[in-house]
$ cat run_32.tsv   # TSV, C-alpha atoms
chain	number	residue	atom	x	y	z
A	1	MET	CA	-5.10	26.28	-9.06
A	2	ALA	CA	-4.30	22.62	-8.58
A	3	ARG	CA	-7.19	21.04	-6.63
A	4	VAL	CA	-6.01	18.34	-4.23
A	5	GLY	CA	-8.31	16.15	-2.15
A	6	VAL	CA	-7.03	14.19	0.87
A	7	VAL	CA	-9.24	11.30	1.98
A	8	SER	CA	-9.91	10.36	5.62
A	9	PHE	CA	-10.88	6.81	6.48
A	10	PRO	CA	-11.67	5.77	10.04
A	11	GLY	CA	-8.19	5.34	11.49
A	12	SER	CA	-6.33	7.59	9.04
A	13	ASN	CA	-4.05	9.84	11.06
A	14	CYS	CA	-1.82	11.73	8.62
A	15	GLU	CA	-4.42	13.69	6.76
A	16	ARG	CA	-3.73	17.02	8.50
A	17	GLU	CA	-0.01	17.07	7.73
A	18	THR	CA	-0.76	15.89	4.23
A	19	LEU	CA	-3.28	18.69	3.68
A	20	ARG	CA	-0.84	21.18	5.15
A	21	ALA	CA	2.06	19.95	3.01
A	22	PHE	CA	0.09	20.41	-0.20
A	23	ALA	CA	-1.54	23.66	0.90
A	24	SER	CA	1.91	25.12	1.56
A	25	ILE	CA	2.75	24.92	-2.15
A	26	ALA	CA	1.78	27.96	-4.24
A	27	GLY	CA	-1.20	27.48	-6.50
A	28	VAL	CA	-2.76	24.61	-4.57
A	29	SER	CA	-6.22	24.35	-3.11
A	30	ALA	CA	-6.20	21.38	-0.71
A	31	MET	CA	-9.42	19.96	0.70
A	32	PRO	CA	-10.39	17.06	2.97
A	33	LEU	CA	-12.52	14.24	1.55
A	34	TRP	CA	-14.64	11.85	3.62
A	35	HIS	CA	-14.54	8.14	2.86
A	36	LYS	CA	-18.30	7.73	3.14
A	37	ASP	CA	-19.11	10.24	0.42
A	38	GLU	CA	-20.03	8.61	-2.86
A	39	LEU	CA	-19.12	11.53	-5.08
A	40	LEU	CA	-15.88	13.40	-5.57
A	41	PRO	CA	-15.86	17.21	-5.73
A	42	ASP	CA	-15.76	18.59	-9.25
A	43	ASP	CA	-12.54	19.24	-11.04
A	44	LEU	CA	-10.10	17.52	-8.72
A	45	ASP	CA	-6.57	17.22	-10.07
A	46	LEU	CA	-5.07	14.93	-7.43
A	47	ILE	CA	-6.45	12.59	-4.79
A	48	VAL	CA	-4.26	11.57	-1.86
A	49	LEU	CA	-4.82	8.57	0.40
A	50	PRO	CA	-2.86	9.44	3.56
A	51	GLY	CA	-1.07	7.38	6.16
A	52	GLY	CA	-2.56	5.84	9.29
A	53	PHE	CA	-4.28	2.67	10.40
A	54	SER	CA	-7.55	2.63	8.51
A	55	TYR	CA	-9.95	0.16	10.15
A	56	GLY	CA	-7.14	-0.72	12.54
A	57	ASP	CA	-5.35	-2.64	9.76
A	58	TYR	CA	-7.87	-5.38	10.56
A	59	LEU	CA	-7.71	-8.48	8.31
A	60	ARG	CA	-4.98	-6.84	6.19
A	61	ALA	CA	-3.84	-3.23	6.07
A	62	GLY	CA	-6.10	-1.38	3.66
A	63	ALA	CA	-8.29	-4.43	3.01
A	64	ILE	CA	-11.45	-2.85	4.38
A	65	ALA	CA	-10.82	0.79	3.44
A	66	ARG	CA	-10.70	-0.23	-0.22
A	67	PHE	CA	-14.44	-0.91	-0.01
A	68	SER	CA	-15.32	2.53	1.40
A	69	PRO	CA	-18.02	4.25	-0.67
A	70	LEU	CA	-15.68	6.94	-2.03
A	71	MET	CA	-13.27	4.33	-3.40
A	72	ALA	CA	-15.57	3.48	-6.31
A	73	ALA	CA	-15.32	7.07	-7.52
A	74	ILE	CA	-11.56	7.11	-6.88
A	75	VAL	CA	-11.03	3.94	-8.90
A	76	GLU	CA	-13.02	5.46	-11.76
A	77	PHE	CA	-10.99	8.67	-11.45
A	78	ALA	CA	-7.76	6.67	-11.66
A	79	HIS	CA	-8.96	4.61	-14.63
A	80	ALA	CA	-9.75	7.87	-16.42
A	81	GLY	CA	-6.13	8.95	-15.90
A	82	GLY	CA	-6.58	11.08	-12.78
A	83	TYR	CA	-3.63	11.40	-10.40
A	84	VAL	CA	-3.83	9.36	-7.23
A	85	LEU	CA	-1.15	9.29	-4.53
A	86	GLY	CA	-1.11	6.70	-1.73
A	87	ILE	CA	1.20	7.31	1.23
A	88	CYS	CA	1.93	4.39	3.58
A	89	ASN	CA	-1.55	3.09	4.53
A	90	GLY	CA	-2.74	4.84	1.35
A	91	PHE	CA	-0.28	2.72	-0.65
A	92	GLN	CA	-1.68	-0.37	1.06
A	93	VAL	CA	-5.24	0.65	0.13
A	94	LEU	CA	-4.19	1.17	-3.51
A	95	THR	CA	-2.68	-2.33	-3.77
A	96	GLU	CA	-5.75	-3.87	-2.16
A	97	ALA	CA	-7.94	-1.92	-4.61
A	98	GLY	CA	-5.92	-3.25	-7.52
A	99	LEU	CA	-4.81	0.23	-8.61
A	100	LEU	CA	-1.20	-0.71	-7.96
A	101	PRO	CA	0.45	-4.11	-8.45
A	102	GLY	CA	1.75	-6.37	-5.71
A	103	ALA	CA	0.98	-6.34	-2.01
A	104	LEU	CA	2.46	-4.98	1.20
A	105	ILE	CA	3.17	-7.62	3.84
A	106	ARG	CA	4.88	-7.77	7.23
A	107	ASN	CA	8.36	-6.31	7.40
A	108	ARG	CA	11.14	-8.87	6.97
A	109	ASP	CA	12.36	-8.44	10.55
A	110	LEU	CA	8.81	-8.29	11.92
A	111	ARG	CA	9.32	-5.02	13.78
A	112	PHE	CA	7.56	-1.70	13.32
A	113	ILE	CA	10.22	0.61	11.89
A	114	SER	CA	10.08	4.30	12.60
A	115	ARG	CA	13.07	6.18	11.25
A	116	THR	CA	14.26	8.40	8.46
A	117	VAL	CA	15.71	6.37	5.61
A	118	PRO	CA	17.45	7.18	2.33
A	119	VAL	CA	15.55	6.38	-0.86
A	120	ARG	CA	16.90	6.72	-4.38
A	121	VAL	CA	14.93	8.13	-7.29
A	122	GLU	CA	15.11	5.49	-10.03
A	123	ASN	CA	12.87	7.04	-12.65
A	124	THR	CA	12.48	10.76	-13.24
A	125	GLY	CA	10.17	10.19	-16.17
A	126	THR	CA	6.97	10.32	-14.13
A	127	PRO	CA	4.74	13.21	-13.02
A	128	TRP	CA	5.78	12.38	-9.43
A	129	THR	CA	9.55	12.62	-9.93
A	130	TRP	CA	10.25	14.76	-12.99
A	131	ARG	CA	11.61	17.56	-10.79
A	132	CYS	CA	14.12	15.15	-9.21
A	133	GLU	CA	17.57	14.23	-10.44
A	134	PRO	CA	18.17	10.64	-11.60
A	135	GLY	CA	19.72	8.75	-8.69
A	136	GLN	CA	18.91	11.54	-6.24
A	137	VAL	CA	18.91	10.34	-2.64
A	138	LEU	CA	16.10	11.68	-0.48
A	139	GLN	CA	15.95	11.27	3.31
A	140	ILE	CA	12.31	10.54	4.17
A	141	PRO	CA	10.77	9.04	7.34
A	142	ILE	CA	9.11	5.64	7.33
A	143	ALA	CA	6.82	4.35	10.07
A	144	HIS	CA	5.33	0.95	9.33
A	145	ALA	CA	5.15	-2.73	10.20
A	146	GLU	CA	3.65	-3.90	6.89
A	147	GLY	CA	5.77	-2.14	4.28
A	148	ASN	CA	7.39	-5.14	2.62
A	149	TRP	CA	6.39	-4.91	-1.05
A	150	VAL	CA	6.00	-8.31	-2.66
A	151	HIS	CA	4.75	-9.76	-5.90
A	152	HIS	CA	5.30	-12.94	-7.89
A	153	ALA	CA	8.89	-12.90	-9.07
A	154	ALA	CA	8.11	-12.66	-12.79
A	155	ASP	CA	5.62	-9.82	-12.27
A	156	ALA	CA	8.03	-7.95	-10.00
A	157	GLU	CA	10.75	-8.31	-12.63
A	158	ARG	CA	8.47	-6.99	-15.35
A	159	ILE	CA	7.43	-4.03	-13.22
A	160	ALA	CA	11.03	-3.18	-12.39
A	161	GLU	CA	12.06	-3.50	-16.06
A	162	ALA	CA	9.25	-1.15	-17.04
A	163	GLY	CA	10.61	1.52	-14.72
A	164	GLN	CA	7.62	1.32	-12.41
A	165	VAL	CA	9.79	1.01	-9.30
A	166	VAL	CA	10.25	4.74	-8.94
A	167	LEU	CA	11.86	4.90	-5.49
A	168	ARG	CA	14.19	2.30	-3.96
A	169	TYR	CA	15.48	2.02	-0.42
A	170	CYS	CA	19.24	2.58	-0.40
A	171	THR	CA	22.21	3.36	1.80
A	172	ALA	CA	23.09	6.95	2.67
A	173	ASP	CA	25.45	7.06	-0.29
A	174	GLY	CA	22.87	5.71	-2.71
A	175	GLN	CA	23.70	1.98	-2.91
A	176	VAL	CA	20.79	-0.40	-3.28
A	177	ASP	CA	21.60	-3.51	-1.23
A	178	ASP	CA	20.28	-5.56	1.69
A	179	SER	CA	21.74	-3.24	4.30
A	180	GLY	CA	19.90	-0.31	2.74
A	181	ASN	CA	16.57	-2.17	2.66
A	182	PRO	CA	14.78	-1.74	5.98
A	183	ASN	CA	11.80	-4.01	5.39
A	184	GLY	CA	12.80	-6.63	2.80
A	185	SER	CA	10.79	-5.19	-0.10
A	186	LEU	CA	11.40	-6.95	-3.42
A	187	HIS	CA	13.68	-4.89	-5.63
A	188	ALA	CA	14.03	-2.64	-2.55
A	189	ALA	CA	10.86	-0.96	-3.78
A	190	ALA	CA	9.87	2.01	-1.62
A	191	GLY	CA	7.53	3.56	-4.16
A	192	ILE	CA	5.89	2.29	-7.35
A	193	VAL	CA	3.63	3.57	-10.10
A	194	ASN	CA	1.04	1.80	-12.22
A	195	SER	CA	1.68	1.27	-15.91
A	196	GLY	CA	0.03	4.61	-16.76
A	197	ALA	CA	2.18	6.36	-14.12
A	198	ASN	CA	-0.87	8.28	-12.90
A	199	VAL	CA	-1.11	6.31	-9.64
A	200	PHE	CA	1.84	6.42	-7.23
A	201	GLY	CA	2.19	4.57	-3.95
A	202	LEU	CA	5.06	4.90	-1.51
A	203	MET	CA	5.66	3.75	2.06
A	204	PRO	CA	7.80	6.75	3.15
A	205	HIS	CA	6.04	9.93	4.32
A	206	PRO	CA	7.02	12.94	2.17
A	207	GLU	CA	4.44	15.10	3.98
A	208	ARG	CA	6.51	14.77	7.19
A	209	VAL	CA	9.47	16.47	5.55
A	210	ALA	CA	7.69	18.97	3.31
A	211	ASP	CA	9.50	21.98	4.76
A	212	GLU	CA	13.21	22.74	4.66
A	213	ARG	CA	13.13	23.18	8.43
A	214	LEU	CA	12.13	19.52	8.74
A	215	LEU	CA	15.22	17.39	8.09
A	216	GLY	CA	16.00	19.42	4.99
A	217	GLY	CA	12.59	19.02	3.37
A	218	ASP	CA	13.32	16.04	1.12
A	219	GLY	CA	9.60	15.43	0.67
A	220	LEU	CA	9.36	18.66	-1.34
A	221	PRO	CA	10.88	17.37	-4.61
A	222	LEU	CA	8.12	14.75	-4.81
A	223	ILE	CA	5.26	17.05	-3.80
A	224	GLU	CA	6.46	19.86	-6.03
A	225	SER	CA	6.91	17.46	-8.96
A	226	ILE	CA	3.27	16.46	-9.09
A	227	ILE	CA	1.97	19.99	-8.46
A	228	ASP	CA	4.27	21.42	-11.13
A	229	TRP	CA	3.15	18.70	-13.51
A	230	ILE	CA	-0.49	19.55	-12.91
A	231	HIS	CA	0.21	23.27	-13.40
A	232	HIS	CA	2.14	22.61	-16.61
A	233	HIS	CA	-0.14	20.04	-18.14
A	234	GLY	CA	-3.49	21.65	-17.63
A	235	GLU	CA	-5.59	21.66	-14.52
A	236	GLU	CA	-9.21	20.61	-14.38
A	237	SER	CA	-10.23	24.07	-13.17
B	1	MET	CA	-24.73	-23.19	9.17
B	2	ARG	CA	-21.08	-22.75	9.98
B	3	CYS	CA	-17.99	-22.87	7.81
B	4	ARG	CA	-14.32	-22.08	8.16
B	5	VAL	CA	-12.36	-20.21	5.56
B	6	LEU	CA	-8.66	-21.06	5.71
B	7	VAL	CA	-6.50	-18.32	4.24
B	8	GLU	CA	-2.91	-19.24	3.47
B	9	LEU	CA	-0.01	-17.38	1.95
B	10	ARG	CA	0.78	-18.50	-1.57
B	11	PRO	CA	3.86	-20.71	-1.62
B	12	ASP	CA	6.06	-18.23	-3.50
B	13	ILE	CA	5.44	-15.42	-1.01
B	14	LEU	CA	8.02	-14.96	1.71
B	15	ASP	CA	6.57	-15.44	5.21
B	16	PRO	CA	8.64	-13.58	7.83
B	17	GLN	CA	6.30	-14.60	10.63
B	18	GLY	CA	6.51	-18.25	9.63
B	19	LYS	CA	10.29	-18.01	9.67
B	20	ALA	CA	10.23	-16.51	13.15
B	21	VAL	CA	7.99	-19.32	14.38
B	22	LEU	CA	10.28	-21.90	12.80
B	23	ARG	CA	13.30	-20.43	14.56
B	24	ALA	CA	11.45	-20.45	17.87
B	25	LEU	CA	10.44	-24.10	17.38
B	26	HIS	CA	14.07	-25.01	16.74
B	27	VAL	CA	15.16	-23.17	19.85
B	28	LEU	CA	12.61	-25.27	21.74
B	29	GLY	CA	14.18	-28.43	20.29
B	30	TYR	CA	11.64	-29.38	17.62
B	31	ASP	CA	14.28	-29.86	14.95
B	32	GLU	CA	12.10	-32.10	12.84
B	33	VAL	CA	10.02	-29.06	11.81
B	34	ARG	CA	11.30	-28.01	8.40
B	35	ASP	CA	9.01	-25.15	7.66
B	36	ALA	CA	6.20	-23.16	9.22
B	37	ARG	CA	3.81	-20.78	7.51
B	38	ILE	CA	1.19	-18.64	9.18
B	39	GLY	CA	-2.34	-18.39	7.84
B	40	LYS	CA	-5.73	-17.31	9.10
B	41	VAL	CA	-8.99	-19.04	9.94
B	42	VAL	CA	-12.20	-17.08	9.52
B	43	THR	CA	-15.22	-18.82	11.01
B	44	LEU	CA	-18.52	-17.76	9.50
B	45	GLU	CA	-22.00	-18.37	10.87
B	46	LEU	CA	-24.48	-18.29	8.02
B	47	ASP	CA	-28.25	-18.02	7.74
B	48	GLY	CA	-29.90	-20.37	5.28
B	49	ARG	CA	-29.99	-24.05	4.48
B	50	ASP	CA	-29.10	-24.24	0.80
B	51	ARG	CA	-25.56	-25.57	1.10
B	52	ALA	CA	-24.73	-25.23	-2.60
B	53	GLN	CA	-25.82	-21.62	-2.66
B	54	LEU	CA	-23.98	-20.83	0.56
B	55	GLU	CA	-20.82	-22.47	-0.76
B	56	ALA	CA	-20.91	-20.27	-3.82
B	57	ARG	CA	-21.47	-17.14	-1.72
B	58	VAL	CA	-18.68	-18.00	0.69
B	59	ARG	CA	-16.24	-18.57	-2.18
B	60	GLU	CA	-17.26	-15.21	-3.60
B	61	LEU	CA	-16.79	-13.30	-0.35
B	62	SER	CA	-13.53	-15.09	0.36
B	63	ALA	CA	-12.12	-14.04	-2.99
B	64	ALA	CA	-13.45	-10.50	-2.58
B	65	LEU	CA	-12.35	-9.76	0.96
B	66	LEU	CA	-10.96	-12.53	3.12
B	67	ALA	CA	-8.03	-13.44	0.86
B	68	ASN	CA	-5.82	-11.12	-1.17
B	69	PRO	CA	-5.35	-13.12	-4.41
B	70	VAL	CA	-1.92	-11.59	-5.01
B	71	ILE	CA	-0.50	-13.22	-1.90
B	72	GLU	CA	-3.07	-15.68	-0.54
B	73	ASN	CA	-5.04	-18.80	-1.44
B	74	PHE	CA	-8.10	-19.92	0.45
B	75	ASP	CA	-9.98	-23.11	1.22
B	76	VAL	CA	-13.41	-23.56	2.74
B	77	GLU	CA	-14.26	-26.26	5.27
B	78	TRP	CA	-17.83	-27.26	5.98
B	79	PRO	CA	-17.94	-29.32	9.18
B	80	ALA	CA	-20.33	-32.21	8.83
$ encode --input "run_32.tsv" --output "structure tokens"
Amino acid sequence: MARVGVVSFPGSNCERETLRAFASIAGVSAMPLWHKDELLPDDLDLIVLPGGFSYGDYLRAGAIARFSPLMAAIVEFAHAGGYVLGICNGFQVLTEAGLLPGALIRNRDLRFISRTVPVRVENTGTPWTWRCEPGQVLQIPIAHAEGNWVHHAADAERIAEAGQVVLRYCTADGQVDDSGNPNGSLHAAAGIVNSGANVFGLMPHPERVADERLLGGDGLPLIESIIDWIHHHGEES
Amino acid sequence: MRCRVLVELRPDILDPQGKAVLRALHVLGYDEVRDARIGKVVTLELDGRDRAQLEARVRELSAALLANPVIENFDVEWPA
């Protein structure tokens, strides 16, 4: 059994679909986690920070949630090599917590964007994408106003060179260019991993398309990748 | 004691809001404005009288929470 915990912060609103998406995969036990707890359950394999508006995005999106009591244990879990996934607001929390590089700022065109966009898999050598094809285009919904990934140019270059930009926004036929970049993210980054590739943050919502009946289910390759990886590489329990 | 923490975007970070404000200023005819960048002011009311100690604490909390060091710098003003 792969044990998956999905954290709720005040203002998180995607935790139910996220729990459901993981629970729908065979061999997964998915459980909710509460941000105020100080301890994680035993033997977790994967922790997910879901989408939403934790603390109303006050000050900066994710800036306050990163100080929730449970985050200390999550940071320790990540430093020990545990798998942590941040979706949308979860991605923002992970950058604020320093578990992922860069920052998410206001979209280039300043508007909240809610639509399904194509993203291209750039690196299939991670636990999050090993079940994908190189260059595979996935259609996944985004819904955010602060999804513009930025970093200092030299750092962003280094991260891209290292293959840490795992998903890029693209056109429907897989071209990475300005027209395919909805929010202005540097390197058209839609999803990135840390240097150890055990922490993954992405702005698109794979849990919203985790069923073939939902726009073809393009969230499944990502969700199944990490669950398969956990099953193949030894679970905690 | 009161202080103001000014949080500004680091110069190499793109500021879409600043650009929008600049465009609006130009539409209004203020062509002499070359650039605009949006920051934040956080006004803090503090207990205590030891200014040096408070300054150190405010710098600490500003770095920890008020400013994201990846994208922002901060400055602290102590009105006389």
$ atom_distance --input "run_32.tsv" --atom1 "atom CA of A:Arg106" --atom2 "atom CA of A:Ser185"
9.8 Å
$ closest_residue --input "run_32.tsv" --among "A:Val150, A:Phe22, A:Ile64, A:Asp37" --to "B:Leu9" --atoms "all atoms listed in the file"
A:Val150
$ atom_distance --input "run_32.tsv" --atom1 "atom CA of A:Val199" --atom2 "atom CA of A:Ala26"
22.5 Å
$ atom_distance --input "run_32.tsv" --atom1 "atom CA of A:Pro204" --atom2 "atom CA of A:Glu15"
14.5 Å
$ closest_residue --input "run_32.tsv" --among "A:Asn148, A:Ser8, A:Asn123, A:Gln136" --to "chain B" --atoms "all atoms listed in the file"
A:Asn148
$ closest_residue --input "run_32.tsv" --among "B:Ser62, B:Gln17, B:Asn73, B:Gln53" --to "chain A" --atoms "all atoms listed in the file"
B:Gln17
$ decode --input "run_32.tsv" --residues "stretch 30-70 of chain B" --atoms "C-alpha atoms" --output "PDB file, in the first residue's frame"
ATOM      1  CA  TYR B  30       2.226  61.499 -17.413  1.00  0.00           C
ATOM      2  CA  ASP B  31       4.803  60.659 -20.048  1.00  0.00           C
ATOM      3  CA  GLU B  32       7.722  61.681 -17.888  1.00  0.00           C
ATOM      4  CA  VAL B  33       7.227  58.535 -15.776  1.00  0.00           C
ATOM      5  CA  ARG B  34       9.750  56.007 -17.038  1.00  0.00           C
ATOM      6  CA  ASP B  35       9.079  53.150 -14.713  1.00  0.00           C
ATOM      7  CA  ALA B  36       6.783  52.150 -11.880  1.00  0.00           C
ATOM      8  CA  ARG B  37       7.193  49.273  -9.467  1.00  0.00           C
ATOM      9  CA  ILE B  38       4.726  48.185  -6.830  1.00  0.00           C
ATOM     10  CA  GLY B  39       5.804  47.377  -3.286  1.00  0.00           C
ATOM     11  CA  LYS B  40       4.191  47.042   0.113  1.00  0.00           C
ATOM     12  CA  VAL B  41       4.269  48.995   3.345  1.00  0.00           C
ATOM     13  CA  VAL B  42       3.737  47.108   6.578  1.00  0.00           C
ATOM     14  CA  THR B  43       3.233  49.373   9.580  1.00  0.00           C
ATOM     15  CA  LEU B  44       4.086  47.765  12.895  1.00  0.00           C
ATOM     16  CA  GLU B  45       3.162  48.981  16.359  1.00  0.00           C
ATOM     17  CA  LEU B  46       5.657  47.607  18.848  1.00  0.00           C
ATOM     18  CA  ASP B  47       5.791  47.279  22.625  1.00  0.00           C
ATOM     19  CA  GLY B  48       9.063  48.235  24.255  1.00  0.00           C
ATOM     20  CA  ARG B  49      11.480  51.125  24.304  1.00  0.00           C
ATOM     21  CA  ASP B  50      14.826  49.572  23.426  1.00  0.00           C
ATOM     22  CA  ARG B  51      15.173  50.843  19.874  1.00  0.00           C
ATOM     23  CA  ALA B  52      18.284  48.817  19.051  1.00  0.00           C
ATOM     24  CA  GLN B  53      16.665  45.602  20.188  1.00  0.00           C
ATOM     25  CA  LEU B  54      13.438  46.387  18.347  1.00  0.00           C
ATOM     26  CA  GLU B  55      15.366  47.190  15.173  1.00  0.00           C
ATOM     27  CA  ALA B  56      17.047  43.816  15.290  1.00  0.00           C
ATOM     28  CA  ARG B  57      13.737  42.024  15.883  1.00  0.00           C
ATOM     29  CA  VAL B  58      11.997  43.882  13.070  1.00  0.00           C
ATOM     30  CA  ARG B  59      14.798  43.029  10.637  1.00  0.00           C
ATOM     31  CA  GLU B  60      14.490  39.404  11.698  1.00  0.00           C
ATOM     32  CA  LEU B  61      10.725  39.215  11.239  1.00  0.00           C
ATOM     33  CA  SER B  62      10.920  41.100   7.956  1.00  0.00           C
ATOM     34  CA  ALA B  63      13.392  38.590   6.566  1.00  0.00           C
ATOM     35  CA  ALA B  64      11.394  35.666   7.935  1.00  0.00           C
ATOM     36  CA  LEU B  65       7.907  36.645   6.836  1.00  0.00           C
ATOM     37  CA  LEU B  66       7.277  40.089   5.403  1.00  0.00           C
ATOM     38  CA  ALA B  67       9.696  39.808   2.476  1.00  0.00           C
ATOM     39  CA  ASN B  68      10.414  36.788   0.298  1.00  0.00           C
ATOM     40  CA  PRO B  69      14.210  37.042  -0.186  1.00  0.00           C
ATOM     41  CA  VAL B  70      14.022  35.376  -3.601  1.00  0.00           C
TER      42      VAL B  70
END
